[in-house]
Amino acid sequence: MGKDKIPRPVFNNPFLNIIVNPDDGTVKRDPEIRNPPNSDPNGTSAVISKDVTLHPDNNTWMRLYLPRQAKAAASPANRRKLPLVVYYHGGGFVFCNADTNLYDVFCQGLVENVGVMVISLDYRLAPEHRLPAAYQDAMDGLHWIKSARDEWVRDYADLDNCYLAGTSAGGNLAYNAGLLAVSAAKDLEPLKIKGMILHHPYFSGTKRTGSEQRLAGDSLLPLYAIDQMFDLSLPEGADHDHEYCNPLINGGPKLVDLMKSSGWRVLVTGCLDDPLVDAGMEFAKMLDAKGVRTVTFLSDGYHAMEVFDPSTSAPFYAAAKDFLSTN
């Protein structure tokens, strides 16, 4: 008898019935649970957070997370600057926000269990703002961070030890923002990006992978939803072999060579019952073949499992912590 699959989460899944307004092309988005920042200095939570405005005209902003014990070390002599993880949430580029309950809890877990400072970007969503809008928002965020105007960034973030990270569409975003960032490394100084953590990255193509075919009817992320969200987020007229969707096209971009020469390291994770797992692992092989130091972490489970069910997240956090501690 085969091993039982890990049960999928039960929730109001927006991916299964995406409704597009025929008049203006916008998407219907149901209300979701969104968490306020937790900056209570007298609280008992292990993690504190606050929100900052990024680009008022684009309505973009970021949520900053710190371990409470780091903030409690008031004396500069007692402060230890933390590795900085710049995080991008998932949702197929169409749904969710930085303060969506699932992603807020996941970022708190990163801070508490991995020992980092996290800055999570609330970027513009498609189809109202098609790619590369989200990638441009990510670059805006990196330029804001490098300025170190914010007290938390200035006092607690190790700008010399930064990683871009994201879940699902956020993993795609981290990679494509990474291509932009590595080509603008001088402009981003003193911020130094050392690599990426891509958690179940959202990649596909016109040729179906084995896992896409095997799990085409997945109850969480079926193939038609993968396709539809790319249709809504890619530039008008682009097919699924566009570089924003398929990073393997034409053997991968030349800018990956800059990641290699800059010494970047990349962690790519996946779950065996995720339709996107094969695309993610083929992507990791491409990076490795181009000389980028690449580590993969595979486990049983479904797409973005650690986000949907925090009780499953310990192995991922351990893998991320080990990755960050390795030179």
# chains A, B, ... in the order shown; residues from 1 in each chain; ligands from 1

call {"tool": "select_by_dssp", "arguments": {"residues": "stretch 51-149 of chain A", "states": "strand (DSSP E or B)", "output": "list in words"}}
result
Asp51, Val52, Thr53, Leu54, His55, Thr60, Trp61, Met62, Arg63, Leu64, Tyr65, Leu66, Pro67, Leu82, Pro83, Leu84, Val85, Val86, Tyr87, Tyr88, Thr100, Met117, Val118, Ile119, Ser120, Leu121 and Asp122 of chain A

call {"tool": "closest_atom_pairs", "arguments": {"of": "stretch 94-165 of chain A", "to": "stretch 281-304 of chain A", "cutoff": "12 Å", "atoms": "only C-alpha atoms", "output": "JSON lines"}}
result
{"residue": "A:Leu102", "atom": "CA", "partner": "A:Ala304", "partner_atom": "CA", "distance": 10.4}
{"residue": "A:Tyr103", "atom": "CA", "partner": "A:Ala304", "partner_atom": "CA", "distance": 10.5}
{"residue": "A:Phe106", "atom": "CA", "partner": "A:Ala304", "partner_atom": "CA", "distance": 10.5}

call {"tool": "residues_around", "arguments": {"residues": "A:Arg63", "least_positions_apart": "3", "cutoff": "6 Å", "atoms": "only C-alpha atoms", "output": "list of chain:residue names"}}
result
A:Lys50, A:Asp51, A:Ile119, A:Ser120

call {"tool": "write_last_selection", "arguments": {"atoms": "N, CA, C and O atoms", "output": "CSV table (one decimal), in the first residue's frame"}}
result
chain,number,residue,atom,x,y,z
A,50,LYS,N,6.2,46.0,12.3
A,50,LYS,CA,5.6,47.3,12.0
A,50,LYS,C,5.5,47.5,10.5
A,50,LYS,O,6.3,46.8,9.7
A,51,ASP,N,4.7,48.4,10.0
A,51,ASP,CA,4.5,48.6,8.6
A,51,ASP,C,5.1,50.0,8.2
A,51,ASP,O,5.0,51.0,9.0
A,119,ILE,N,11.9,41.5,6.1
A,119,ILE,CA,11.1,42.6,5.5
A,119,ILE,C,10.2,42.0,4.4
A,119,ILE,O,10.8,41.4,3.5
A,120,SER,N,8.9,42.1,4.6
A,120,SER,CA,8.0,41.5,3.6
A,120,SER,C,7.3,42.6,2.8
A,120,SER,O,6.8,43.5,3.3

call {"tool": "residues_around", "arguments": {"residues": "A:Val86", "least_positions_apart": "3", "cutoff": "9 Å", "atoms": "only C-alpha atoms", "output": "JSON, numbers by chain"}}
result
{"A": [117, 118, 119, 120, 121, 141, 142, 162, 163, 164, 165, 166, 174]}

call {"tool": "closest_residue", "arguments": {"among": "A:Val277, A:Val266, A:Ala318, A:Leu220", "to": "A:Val10", "atoms": "only C-alpha atoms"}}
result
A:Leu220

call {"tool": "closest_residue", "arguments": {"among": "A:Lys146, A:Arg130, A:His89, A:Arg208", "to": "A:Asp231", "atoms": "only C-alpha atoms"}}
result
A:Arg130

call {"tool": "atom_distance", "arguments": {"atom1": "atom CA of A:Val52", "atom2": "atom CA of A:Asp150"}}
result
8.9 Å

call {"tool": "residues_around", "arguments": {"residues": "A:Gly115", "least_positions_apart": "6", "cutoff": "8 Å", "atoms": "only C-alpha atoms", "output": "PyMOL selection string"}}
result
chain A and resi 67+82-83+321

call {"tool": "write_last_selection", "arguments": {"atoms": "N, CA, C and O atoms", "output": "PDB file, in the first residue's frame"}}
result
ATOM      1  N   PRO A  67      12.908  39.883  16.093  1.00  0.00           N
ATOM      2  CA  PRO A  67      12.744  39.149  17.350  1.00  0.00           C
ATOM      3  C   PRO A  67      12.575  40.158  18.494  1.00  0.00           C
ATOM      4  O   PRO A  67      13.311  41.142  18.566  1.00  0.00           O
ATOM      5  N   LEU A  82      21.304  41.162  12.607  1.00  0.00           N
ATOM      6  CA  LEU A  82      20.722  39.909  12.139  1.00  0.00           C
ATOM      7  C   LEU A  82      20.805  39.784  10.619  1.00  0.00           C
ATOM      8  O   LEU A  82      20.695  40.783   9.896  1.00  0.00           O
ATOM      9  N   PRO A  83      20.982  38.543  10.125  1.00  0.00           N
ATOM     10  CA  PRO A  83      20.832  38.353   8.673  1.00  0.00           C
ATOM     11  C   PRO A  83      19.473  38.891   8.228  1.00  0.00           C
ATOM     12  O   PRO A  83      18.471  38.759   8.949  1.00  0.00           O
ATOM     13  N   LYS A 321      17.688  27.655   8.135  1.00  0.00           N
ATOM     14  CA  LYS A 321      18.685  28.067   9.125  1.00  0.00           C
ATOM     15  C   LYS A 321      20.044  27.474   8.801  1.00  0.00           C
ATOM     16  O   LYS A 321      21.083  28.155   8.875  1.00  0.00           O
TER      17      LYS A 321
END

call {"tool": "residues_around", "arguments": {"residues": "A:Met139", "least_positions_apart": "2", "cutoff": "12 Å", "atoms": "only C-alpha atoms", "output": "ChimeraX atom specification"}}
result
/A:54-55,60,86,88,121,123,132-137,141-146,164,173-185,187-188

call {"tool": "residues_around", "arguments": {"residues": "stretch 19-27 of chain A", "least_positions_apart": "5", "cutoff": "9 Å", "atoms": "only C-alpha atoms", "output": "ChimeraX atom specification"}}
result
/A:94,126-128

call {"tool": "write_last_selection", "arguments": {"atoms": "C-alpha atoms", "output": "compact mmCIF listing (two decimals), in the first residue's frame"}}
result
# COMPACT_ATOMS: atom_id res chain seq x y z
CA VAL A 94 -3.14 37.76 -8.28
CA ALA A 126 -2.11 41.36 -11.47
CA PRO A 127 -4.05 41.63 -13.70
CA GLU A 128 -4.49 45.25 -12.70

call {"tool": "select_by_dssp", "arguments": {"residues": "stretch 41-207 of chain A", "states": "helix (DSSP H, G or I)", "output": "NGL selection string"}}
result
:A and (56-58 or 68-72 or 76-78 or 101-114 or 133-147 or 151-156 or 169-183 or 185-188)

call {"tool": "atom_distance", "arguments": {"atom1": "atom CA of A:Thr209", "atom2": "atom CA of A:Gly280"}}
result
10.2 Å

call {"tool": "closest_residue", "arguments": {"among": "A:Ser261, A:Ser313, A:Asn13, A:Asn35", "to": "A:Leu110", "atoms": "only C-alpha atoms"}}
result
A:Ser313

call {"tool": "decode", "arguments": {"residues": "stretch 73-123 of chain A", "atoms": "C-alpha atoms", "output": "short mmCIF file (atom, residue, chain, number, x, y, z; two decimals), in the first residue's frame"}}
result
data_model
loop_
_atom_site.label_atom_id
_atom_site.label_comp_id
_atom_site.auth_asym_id
_atom_site.auth_seq_id
_atom_site.Cartn_x
_atom_site.Cartn_y
_atom_site.Cartn_z
CA ALA A 73 18.68 44.81 23.82
CA ALA A 74 18.50 48.59 24.04
CA SER A 75 22.24 49.15 24.38
CA PRO A 76 24.04 49.22 21.01
CA ALA A 77 26.90 47.31 22.61
CA ASN A 78 24.55 44.39 23.29
CA ARG A 79 22.98 44.31 19.84
CA ARG A 80 23.79 41.60 17.35
CA LYS A 81 22.85 42.55 13.82
CA LEU A 82 20.72 39.91 12.14
CA PRO A 83 20.83 38.35 8.67
CA LEU A 84 18.21 40.10 6.56
CA VAL A 85 15.60 38.13 4.60
CA VAL A 86 13.55 40.17 2.12
CA TYR A 87 10.39 38.11 1.63
CA TYR A 88 7.73 38.05 -1.09
CA HIS A 89 4.34 36.44 -0.46
CA GLY A 90 2.57 34.01 -2.76
CA GLY A 91 -0.87 34.04 -4.38
CA GLY A 92 -0.13 33.57 -8.08
CA PHE A 93 0.64 37.30 -8.45
CA VAL A 94 -3.14 37.76 -8.28
CA PHE A 95 -4.12 37.22 -4.65
CA CYS A 96 -2.96 37.88 -1.07
CA ASN A 97 -0.97 40.59 0.67
CA ALA A 98 1.97 40.93 3.01
CA ASP A 99 -0.43 41.07 5.96
CA THR A 100 -2.51 38.06 4.87
CA ASN A 101 -2.75 35.88 7.97
CA LEU A 102 -1.01 32.88 6.36
CA TYR A 103 2.02 34.86 5.24
CA ASP A 104 2.22 37.03 8.34
CA VAL A 105 2.37 33.92 10.54
CA PHE A 106 4.93 32.32 8.21
CA CYS A 107 7.19 35.39 8.40
CA GLN A 108 6.92 35.43 12.18
CA GLY A 109 8.04 31.80 12.12
CA LEU A 110 11.04 32.67 9.97
CA VAL A 111 12.12 35.30 12.47
CA GLU A 112 11.58 33.14 15.53
CA ASN A 113 12.99 29.87 14.21
CA VAL A 114 15.69 30.95 11.77
CA GLY A 115 17.03 33.94 13.71
CA VAL A 116 16.71 36.63 11.06
CA MET A 117 15.12 40.00 10.46
CA VAL A 118 12.42 39.82 7.79
CA ILE A 119 11.09 42.59 5.54
CA SER A 120 7.99 41.48 3.63
CA LEU A 121 6.86 43.45 0.57
CA ASP A 122 3.24 44.21 -0.30
CA TYR A 123 3.54 44.51 -4.07
#
